[in-house]
Amino acid sequence: MSTSTPSDQPRASVLVINSGSSSIKYQLVTPDDGRAVASGLVEQIGESTGAVKHVAHGVTTRRELPVPDHAEGLRIVLGLFEEIGPDLSAAHVVAVGHRVVQGGARFDGPVRVDAKVERDIDELSPLAPLHNPANLTGIRVAQALLPDVPHVAVFDTAFFHHLPAAAATYAIDIEVATKYRVRRYGAHGTSHQYVSDKVARVLGRPLEELNQIVLHLGNGASASAVRGGVAVETSMGMTPLEGLVMGTRSGDLDPAVLFHLHRNAGMSVEELDDLLNRRSGIKGLSGVNDFRALHELVEKGDAGARLALDVYLHRLRKYVGAYYAVLGGVDVITFTAGVGENDDVVRAGALCGLEGMGIVIDHERNAGRKSEPTVISADGSRVTVMVVPTNEELAIARQSVEVVGA
Ligand code: ADP
């Protein structure tokens, strides 16, 4: 007689892969309890020495070795699962979920990968030249190494696929925009969707009744306006460069700045791309892009760091005001991601002076880092302000399970 009970059965798990141009991030997730059973990172792919980190059973294993390409990187990862665990063949892996940055007008939700989906992701590469080719490489390599498991693509843009035309359309020659697919696609959609759903559940209120602003503040940063669980506006644009001030990206600026720098500084398209994506934002203004380092500089009286923080907070406050108007009133404002979850100075600074709009922070509740969903507004605040840690890997795992019907 078998003594096994349902709790002895291995839980279904999903291997989530986020493949970048020179890195592969991965997590083995059990979607029903939301646990990350193992996680890791392969970096410096294609350089003379690569770095691999694998975390499992509470133990971190590090290796330094050349990783010539993504295929070798993933082979090393699978080798670490075999050597250190957990044993993938016993983990009941029901899907491999891939993060894909740009789904264009084609994808409004997760899909099982087939040859057509691969072609479409490839075809969307001009809209995300830094990301889609790397995402596709990850998909192809993983399919070759794990051919018996269904692979699912989860798009960063999907949550914003149905933005109202008034929010998605840039006011340029419509023929040019249509021909070259220039419109607002947004990004970080998996996080904005996960967090706005979670807010409703934590507050015990119907998602359909809530007007929300979500502020995803990580190295990249974006804001969204969500009405009844549906995104109606977001700050990232055709690419993740528009909107809020970020770690190394400028966010909004007058497009004529580019003409000016091209004409007067002789900067090429590549140099302008590098300037706005890698030498701007907090880093461009202060020399550092990590908020912990920024605060240290501010405390030492560094004027550049103070200005960087002020510009960052001013932009955030401006977006909160704009989205308040877009929604016609707000029930909940939520901070998430590395800065949003950890930085109480940024949270308080972004919303200070908005008491007239019914937004009042309770400074004791706001203090410190938050690893759990937390209300940080005062009892009398008309708008509820929260911190909700994001979990894009779990969201990708859950969407993957839904797609494959496991
Ligand atoms: P991404 O996923 O975009 O790389 P994260 O969401 O992980 O970024 O956020 C990373 C950023 O979070 C760091 O660059 C840093 O500025 C910020 N951060 C992390 N920990 C803290 C902390 N304790 N206090 C303030 N900022 C923090």
# chains A, B, ... in the order shown; residues from 1 in each chain; ligands from 1

call {"tool": "closest_atom_pairs", "arguments": {"of": "chain A", "to": "ligand 1", "cutoff": "8 Å", "atoms": "only C-alpha atoms and all ligand atoms", "output": "tab-separated table"}}
result
residue	atom	partner	partner_atom_place_in_ligand_line	distance
A:His216	CA	ligand 1	6 (O)	7.8
A:Leu217	CA	ligand 1	6 (O)	6.4
A:Gly218	CA	ligand 1	6 (O)	3.5
A:Asn219	CA	ligand 1	3 (O)	3.7
A:Gly220	CA	ligand 1	3 (O)	4.5
A:Ala221	CA	ligand 1	3 (O)	7.1
A:Gly247	CA	ligand 1	14 (O)	6.5
A:Asn289	CA	ligand 1	14 (O)	6.1
A:Asp290	CA	ligand 1	16 (O)	3.5
A:Phe291	CA	ligand 1	16 (O)	3.8
A:Arg292	CA	ligand 1	25 (C)	4.8
A:Ala293	CA	ligand 1	16 (O)	8.0
A:Thr336	CA	ligand 1	6 (O)	7.8
A:Ala337	CA	ligand 1	6 (O)	4.0
A:Gly338	CA	ligand 1	9 (O)	3.3
A:Val339	CA	ligand 1	17 (C)	4.2
A:Gly340	CA	ligand 1	12 (O)	7.6
A:Glu341	CA	ligand 1	21 (C)	7.8
A:Asn342	CA	ligand 1	22 (C)	4.6
A:Asp343	CA	ligand 1	25 (C)	4.4
A:Asp344	CA	ligand 1	25 (C)	8.0
A:Arg369	CA	ligand 1	23 (N)	6.7

call {"tool": "residues_around", "arguments": {"residues": "Leu327 of chain A", "least_positions_apart": "5", "cutoff": "8 Å", "atoms": "only C-alpha atoms", "output": "ChimeraX atom specification"}}
result
/A:211,225-227

call {"tool": "residues_around", "arguments": {"residues": "segment 56-63 of chain A", "least_positions_apart": "6", "cutoff": "10 Å", "atoms": "only C-alpha atoms", "output": "PyMOL selection string"}}
result
chain A and resi 27-28+36-42+50+76+80-81+84-86

call {"tool": "closest_residue", "arguments": {"among": "A:Gly109, A:Pro133, A:Gly237, A:Gly356", "to": "Tyr170 of chain A", "atoms": "only C-alpha atoms"}}
result
A:Gly237

call {"tool": "residues_around", "arguments": {"residues": "Val383 of chain A", "least_positions_apart": "5", "cutoff": "8 Å", "atoms": "only C-alpha atoms", "output": "count of residues only"}}
result
8

call {"tool": "select_by_dssp", "arguments": {"residues": "segment 161-250 of chain A", "states": "alpha helix (DSSP H)", "output": "number ranges by chain"}}
result
A: 165-168, 174-179, 189-203

call {"tool": "residues_around", "arguments": {"residues": "segment 178-185 of chain A", "least_positions_apart": "2", "cutoff": "7 Å", "atoms": "only C-alpha atoms", "output": "count of residues only"}}
result
13

call {"tool": "closest_residue", "arguments": {"among": "A:Gly73, A:Pro150, A:Gly229, A:Pro68", "to": "Val52 of chain A", "atoms": "only C-alpha atoms"}}
result
A:Gly73

call {"tool": "residues_around", "arguments": {"residues": "Thr137 of chain A", "least_positions_apart": "2", "cutoff": "10 Å", "atoms": "only C-alpha atoms", "output": "list in words"}}
result
Ser19, Gly20, Ser21, Asp69, His70, Ala71, Glu118, Asp122, Asn132, Pro133, Ala134, Asn135, Ile139, Arg140, Val141, Ala142 and Gln143 of chain A

call {"tool": "residues_around", "arguments": {"residues": "Val101 of chain A", "least_positions_apart": "4", "cutoff": "10 Å", "atoms": "only C-alpha atoms", "output": "list in words"}}
result
Asn18, Gly20, Ile121, Leu124, Ser125, Leu127, Ala128, Leu130, His131, Asn132, Pro133, Ala134, Asn135, Ala153, Val154, Phe155, Asp156, Thr157, Ala158, Gly186, Ala187, His188, Gly189, Thr239 and Pro240 of chain A

call {"tool": "write_last_selection", "arguments": {"atoms": "C-alpha atoms", "output": "mmCIF file, in the first residue's frame"}}
result
data_model
loop_
_atom_site.group_PDB
_atom_site.id
_atom_site.type_symbol
_atom_site.label_atom_id
_atom_site.label_comp_id
_atom_site.auth_asym_id
_atom_site.auth_seq_id
_atom_site.Cartn_x
_atom_site.Cartn_y
_atom_site.Cartn_z
ATOM 1 C CA ASN A 18 15.354 36.397 -17.768
ATOM 2 C CA GLY A 20 19.845 39.730 -21.049
ATOM 3 C CA ILE A 121 9.659 38.227 -31.055
ATOM 4 C CA LEU A 124 9.818 43.103 -32.846
ATOM 5 C CA SER A 125 13.562 43.502 -32.209
ATOM 6 C CA LEU A 127 11.583 48.246 -31.090
ATOM 7 C CA ALA A 128 13.783 46.766 -28.332
ATOM 8 C CA LEU A 130 18.914 45.798 -26.466
ATOM 9 C CA HIS A 131 16.423 43.265 -25.134
ATOM 10 C CA ASN A 132 14.410 41.158 -27.591
ATOM 11 C CA PRO A 133 17.402 39.518 -29.336
ATOM 12 C CA ALA A 134 18.816 38.503 -25.942
ATOM 13 C CA ASN A 135 15.406 37.266 -24.754
ATOM 14 C CA ALA A 153 6.867 33.916 -23.203
ATOM 15 C CA VAL A 154 5.627 36.570 -20.758
ATOM 16 C CA PHE A 155 5.792 40.096 -22.132
ATOM 17 C CA ASP A 156 6.734 43.210 -20.181
ATOM 18 C CA THR A 157 4.447 45.250 -22.397
ATOM 19 C CA ALA A 158 1.335 43.024 -22.248
ATOM 20 C CA GLY A 186 5.237 50.689 -21.668
ATOM 21 C CA ALA A 187 7.396 48.243 -19.705
ATOM 22 C CA HIS A 188 7.561 46.615 -16.240
ATOM 23 C CA GLY A 189 3.971 45.528 -16.968
ATOM 24 C CA THR A 239 11.112 52.123 -25.019
ATOM 25 C CA PRO A 240 11.950 52.101 -21.292
#

call {"tool": "atom_distance", "arguments": {"atom1": "atom CA of Leu241 of chain A", "atom2": "atom CA of Leu272 of chain A"}}
result
12.2 Å

call {"tool": "closest_residue", "arguments": {"among": "A:Val117, A:Ala200, A:Leu261, A:Val326", "to": "Val152 of chain A", "atoms": "only C-alpha atoms"}}
result
A:Val117

call {"tool": "select_by_dssp", "arguments": {"residues": "segment 150-306 of chain A", "states": "strand (DSSP E or B)", "output": "MDAnalysis selection string"}}
result
chainID A and resid 151:155 211:217 221:227 230:234

call {"tool": "write_last_selection", "arguments": {"atoms": "N, CA, C and O atoms", "output": "short mmCIF file (atom, residue, chain, number, x, y, z; two decimals), in the first residue's frame"}}
result
data_model
loop_
_atom_site.label_atom_id
_atom_site.label_comp_id
_atom_site.auth_asym_id
_atom_site.auth_seq_id
_atom_site.Cartn_x
_atom_site.Cartn_y
_atom_site.Cartn_z
N HIS A 151 7.57 25.88 -23.14
CA HIS A 151 8.18 27.19 -22.86
C HIS A 151 7.15 28.27 -23.09
O HIS A 151 6.40 28.23 -24.07
N VAL A 152 7.12 29.24 -22.20
CA VAL A 152 6.10 30.30 -22.27
C VAL A 152 6.81 31.66 -22.30
O VAL A 152 7.78 31.87 -21.56
N ALA A 153 6.33 32.55 -23.16
CA ALA A 153 6.87 33.92 -23.20
C ALA A 153 5.90 34.85 -22.47
O ALA A 153 4.70 34.84 -22.74
N VAL A 154 6.44 35.60 -21.52
CA VAL A 154 5.63 36.57 -20.76
C VAL A 154 6.19 37.96 -21.06
O VAL A 154 7.37 38.22 -20.83
N PHE A 155 5.32 38.82 -21.58
CA PHE A 155 5.79 40.10 -22.13
C PHE A 155 5.65 41.24 -21.13
O PHE A 155 4.59 41.40 -20.50
N ASN A 211 -9.05 52.81 -8.08
CA ASN A 211 -8.18 53.62 -8.92
C ASN A 211 -6.79 53.63 -8.27
O ASN A 211 -6.65 54.07 -7.12
N GLN A 212 -5.79 53.15 -9.01
CA GLN A 212 -4.47 53.00 -8.39
C GLN A 212 -3.38 53.70 -9.18
O GLN A 212 -3.42 53.73 -10.42
N ILE A 213 -2.38 54.18 -8.45
CA ILE A 213 -1.12 54.60 -9.06
C ILE A 213 -0.05 53.67 -8.50
O ILE A 213 0.04 53.49 -7.28
N VAL A 214 0.71 53.04 -9.39
CA VAL A 214 1.81 52.16 -8.94
C VAL A 214 3.12 52.81 -9.37
O VAL A 214 3.29 53.21 -10.52
N LEU A 215 4.04 52.92 -8.41
CA LEU A 215 5.35 53.51 -8.67
C LEU A 215 6.40 52.41 -8.53
O LEU A 215 6.72 52.00 -7.41
N HIS A 216 6.86 51.89 -9.66
CA HIS A 216 7.89 50.84 -9.67
C HIS A 216 9.24 51.56 -9.75
O HIS A 216 9.62 52.07 -10.81
N LEU A 217 9.93 51.63 -8.61
CA LEU A 217 11.19 52.39 -8.57
C LEU A 217 12.35 51.44 -8.30
O LEU A 217 12.65 51.10 -7.15
N ALA A 221 12.73 52.79 -13.70
CA ALA A 221 11.60 53.24 -12.88
C ALA A 221 10.43 53.61 -13.78
O ALA A 221 10.63 54.18 -14.85
N SER A 222 9.23 53.25 -13.33
CA SER A 222 8.05 53.60 -14.12
C SER A 222 6.84 53.77 -13.21
O SER A 222 6.78 53.18 -12.12
N ALA A 223 5.91 54.59 -13.68
CA ALA A 223 4.65 54.81 -12.96
C ALA A 223 3.52 54.30 -13.84
O ALA A 223 3.63 54.33 -15.07
N SER A 224 2.44 53.84 -13.21
CA SER A 224 1.27 53.49 -14.01
C SER A 224 0.01 53.96 -13.31
O SER A 224 -0.02 54.11 -12.08
N ALA A 225 -1.01 54.20 -14.12
CA ALA A 225 -2.35 54.50 -13.60
C ALA A 225 -3.22 53.31 -13.97
O ALA A 225 -3.27 52.92 -15.14
N VAL A 226 -3.88 52.73 -12.97
CA VAL A 226 -4.64 51.49 -13.18
C VAL A 226 -6.08 51.71 -12.68
O VAL A 226 -6.28 51.98 -11.49
N ARG A 227 -7.02 51.59 -13.58
CA ARG A 227 -8.43 51.78 -13.19
C ARG A 227 -9.12 50.42 -13.21
O ARG A 227 -9.21 49.78 -14.25
N VAL A 230 -7.24 47.65 -14.84
CA VAL A 230 -6.84 47.84 -16.24
C VAL A 230 -5.93 49.05 -16.33
O VAL A 230 -6.28 50.14 -15.84
N ALA A 231 -4.76 48.88 -16.97
CA ALA A 231 -3.82 50.00 -17.08
C ALA A 231 -4.36 51.04 -18.06
O ALA A 231 -4.75 50.70 -19.19
N VAL A 232 -4.39 52.30 -17.65
CA VAL A 232 -4.89 53.36 -18.54
C VAL A 232 -3.79 54.37 -18.89
O VAL A 232 -3.99 55.21 -19.76
N GLU A 233 -2.64 54.28 -18.22
CA GLU A 233 -1.53 55.19 -18.56
C GLU A 233 -0.26 54.63 -17.92
O GLU A 233 -0.30 53.96 -16.88
N THR A 234 0.86 54.86 -18.59
CA THR A 234 2.14 54.48 -17.99
C THR A 234 3.24 55.39 -18.49
O THR A 234 3.12 56.00 -19.56
#

call {"tool": "decode", "arguments": {"residues": "segment 377-405 of chain A", "atoms": "N, CA and C atoms", "output": "PDB file, in the first residue's frame"}}
result
ATOM      1  N   SER A 377       0.256  55.210   4.899  1.00  0.00           N
ATOM      2  CA  SER A 377      -0.460  56.487   5.014  1.00  0.00           C
ATOM      3  C   SER A 377      -1.043  56.619   6.422  1.00  0.00           C
ATOM      4  N   ALA A 378      -1.378  57.856   6.756  1.00  0.00           N
ATOM      5  CA  ALA A 378      -1.983  58.127   8.060  1.00  0.00           C
ATOM      6  C   ALA A 378      -3.447  57.682   8.040  1.00  0.00           C
ATOM      7  N   ASP A 379      -4.007  57.458   9.223  1.00  0.00           N
ATOM      8  CA  ASP A 379      -5.384  56.973   9.292  1.00  0.00           C
ATOM      9  C   ASP A 379      -6.365  57.913   8.592  1.00  0.00           C
ATOM     10  N   GLY A 380      -6.104  59.197   8.692  1.00  0.00           N
ATOM     11  CA  GLY A 380      -7.042  60.151   8.080  1.00  0.00           C
ATOM     12  C   GLY A 380      -6.788  60.422   6.606  1.00  0.00           C
ATOM     13  N   SER A 381      -5.808  59.777   6.029  1.00  0.00           N
ATOM     14  CA  SER A 381      -5.465  60.052   4.630  1.00  0.00           C
ATOM     15  C   SER A 381      -6.563  59.526   3.703  1.00  0.00           C
ATOM     16  N   ARG A 382      -7.078  60.374   2.815  1.00  0.00           N
ATOM     17  CA  ARG A 382      -8.128  59.922   1.898  1.00  0.00           C
ATOM     18  C   ARG A 382      -7.583  58.861   0.939  1.00  0.00           C
ATOM     19  N   VAL A 383      -6.335  59.046   0.534  1.00  0.00           N
ATOM     20  CA  VAL A 383      -5.678  58.087  -0.350  1.00  0.00           C
ATOM     21  C   VAL A 383      -4.848  57.138   0.518  1.00  0.00           C
ATOM     22  N   THR A 384      -4.993  55.841   0.281  1.00  0.00           N
ATOM     23  CA  THR A 384      -4.169  54.863   0.992  1.00  0.00           C
ATOM     24  C   THR A 384      -2.817  54.786   0.278  1.00  0.00           C
ATOM     25  N   VAL A 385      -1.740  54.890   1.032  1.00  0.00           N
ATOM     26  CA  VAL A 385      -0.407  54.762   0.442  1.00  0.00           C
ATOM     27  C   VAL A 385       0.223  53.484   0.978  1.00  0.00           C
ATOM     28  N   MET A 386       0.778  52.679   0.071  1.00  0.00           N
ATOM     29  CA  MET A 386       1.307  51.375   0.487  1.00  0.00           C
ATOM     30  C   MET A 386       2.696  51.129  -0.070  1.00  0.00           C
ATOM     31  N   VAL A 387       3.380  50.176   0.539  1.00  0.00           N
ATOM     32  CA  VAL A 387       4.561  49.571  -0.062  1.00  0.00           C
ATOM     33  C   VAL A 387       4.198  48.101  -0.269  1.00  0.00           C
ATOM     34  N   VAL A 388       4.351  47.617  -1.487  1.00  0.00           N
ATOM     35  CA  VAL A 388       4.087  46.199  -1.781  1.00  0.00           C
ATOM     36  C   VAL A 388       5.277  45.640  -2.553  1.00  0.00           C
ATOM     37  N   PRO A 389       6.057  44.744  -1.942  1.00  0.00           N
ATOM     38  CA  PRO A 389       7.185  44.172  -2.686  1.00  0.00           C
ATOM     39  C   PRO A 389       6.721  43.487  -3.964  1.00  0.00           C
ATOM     40  N   THR A 390       7.412  43.761  -5.054  1.00  0.00           N
ATOM     41  CA  THR A 390       7.046  43.124  -6.311  1.00  0.00           C
ATOM     42  C   THR A 390       7.677  41.734  -6.379  1.00  0.00           C
ATOM     43  N   ASN A 391       7.179  40.908  -7.267  1.00  0.00           N
ATOM     44  CA  ASN A 391       7.773  39.583  -7.461  1.00  0.00           C
ATOM     45  C   ASN A 391       7.487  39.173  -8.906  1.00  0.00           C
ATOM     46  N   GLU A 392       8.329  39.683  -9.801  1.00  0.00           N
ATOM     47  CA  GLU A 392       8.085  39.434 -11.223  1.00  0.00           C
ATOM     48  C   GLU A 392       8.253  37.959 -11.568  1.00  0.00           C
ATOM     49  N   GLU A 393       9.175  37.292 -10.887  1.00  0.00           N
ATOM     50  CA  GLU A 393       9.409  35.869 -11.187  1.00  0.00           C
ATOM     51  C   GLU A 393       8.175  35.050 -10.844  1.00  0.00           C
ATOM     52  N   LEU A 394       7.592  35.335  -9.683  1.00  0.00           N
ATOM     53  CA  LEU A 394       6.382  34.604  -9.295  1.00  0.00           C
ATOM     54  C   LEU A 394       5.248  34.887 -10.276  1.00  0.00           C
ATOM     55  N   ALA A 395       5.124  36.154 -10.686  1.00  0.00           N
ATOM     56  CA  ALA A 395       4.071  36.508 -11.645  1.00  0.00           C
ATOM     57  C   ALA A 395       4.285  35.762 -12.962  1.00  0.00           C
ATOM     58  N   ILE A 396       5.532  35.684 -13.418  1.00  0.00           N
ATOM     59  CA  ILE A 396       5.831  34.961 -14.666  1.00  0.00           C
ATOM     60  C   ILE A 396       5.517  33.474 -14.484  1.00  0.00           C
ATOM     61  N   ALA A 397       5.893  32.927 -13.322  1.00  0.00           N
ATOM     62  CA  ALA A 397       5.630  31.501 -13.070  1.00  0.00           C
ATOM     63  C   ALA A 397       4.130  31.228 -13.093  1.00  0.00           C
ATOM     64  N   ARG A 398       3.343  32.089 -12.443  1.00  0.00           N
ATOM     65  CA  ARG A 398       1.891  31.853 -12.372  1.00  0.00           C
ATOM     66  C   ARG A 398       1.250  31.991 -13.745  1.00  0.00           C
ATOM     67  N   GLN A 399       1.711  32.978 -14.520  1.00  0.00           N
ATOM     68  CA  GLN A 399       1.147  33.147 -15.865  1.00  0.00           C
ATOM     69  C   GLN A 399       1.525  31.952 -16.741  1.00  0.00           C
ATOM     70  N   SER A 400       2.737  31.434 -16.551  1.00  0.00           N
ATOM     71  CA  SER A 400       3.188  30.271 -17.350  1.00  0.00           C
ATOM     72  C   SER A 400       2.311  29.062 -17.057  1.00  0.00           C
ATOM     73  N   VAL A 401       2.034  28.853 -15.767  1.00  0.00           N
ATOM     74  CA  VAL A 401       1.195  27.710 -15.381  1.00  0.00           C
ATOM     75  C   VAL A 401      -0.203  27.851 -16.012  1.00  0.00           C
ATOM     76  N   GLU A 402      -0.725  29.061 -16.012  1.00  0.00           N
ATOM     77  CA  GLU A 402      -2.045  29.279 -16.616  1.00  0.00           C
ATOM     78  C   GLU A 402      -2.029  28.930 -18.101  1.00  0.00           C
ATOM     79  N   VAL A 403      -0.953  29.341 -18.795  1.00  0.00           N
ATOM     80  CA  VAL A 403      -0.873  29.104 -20.236  1.00  0.00           C
ATOM     81  C   VAL A 403      -0.798  27.604 -20.550  1.00  0.00           C
ATOM     82  N   VAL A 404      -0.005  26.872 -19.765  1.00  0.00           N
ATOM     83  CA  VAL A 404       0.148  25.445 -20.096  1.00  0.00           C
ATOM     84  C   VAL A 404      -0.938  24.598 -19.439  1.00  0.00           C
ATOM     85  N   GLY A 405      -1.759  25.233 -18.607  1.00  0.00           N
ATOM     86  CA  GLY A 405      -2.881  24.521 -17.986  1.00  0.00           C
ATOM     87  C   GLY A 405      -2.442  23.461 -17.009  1.00  0.00           C
TER      88      GLY A 405
END
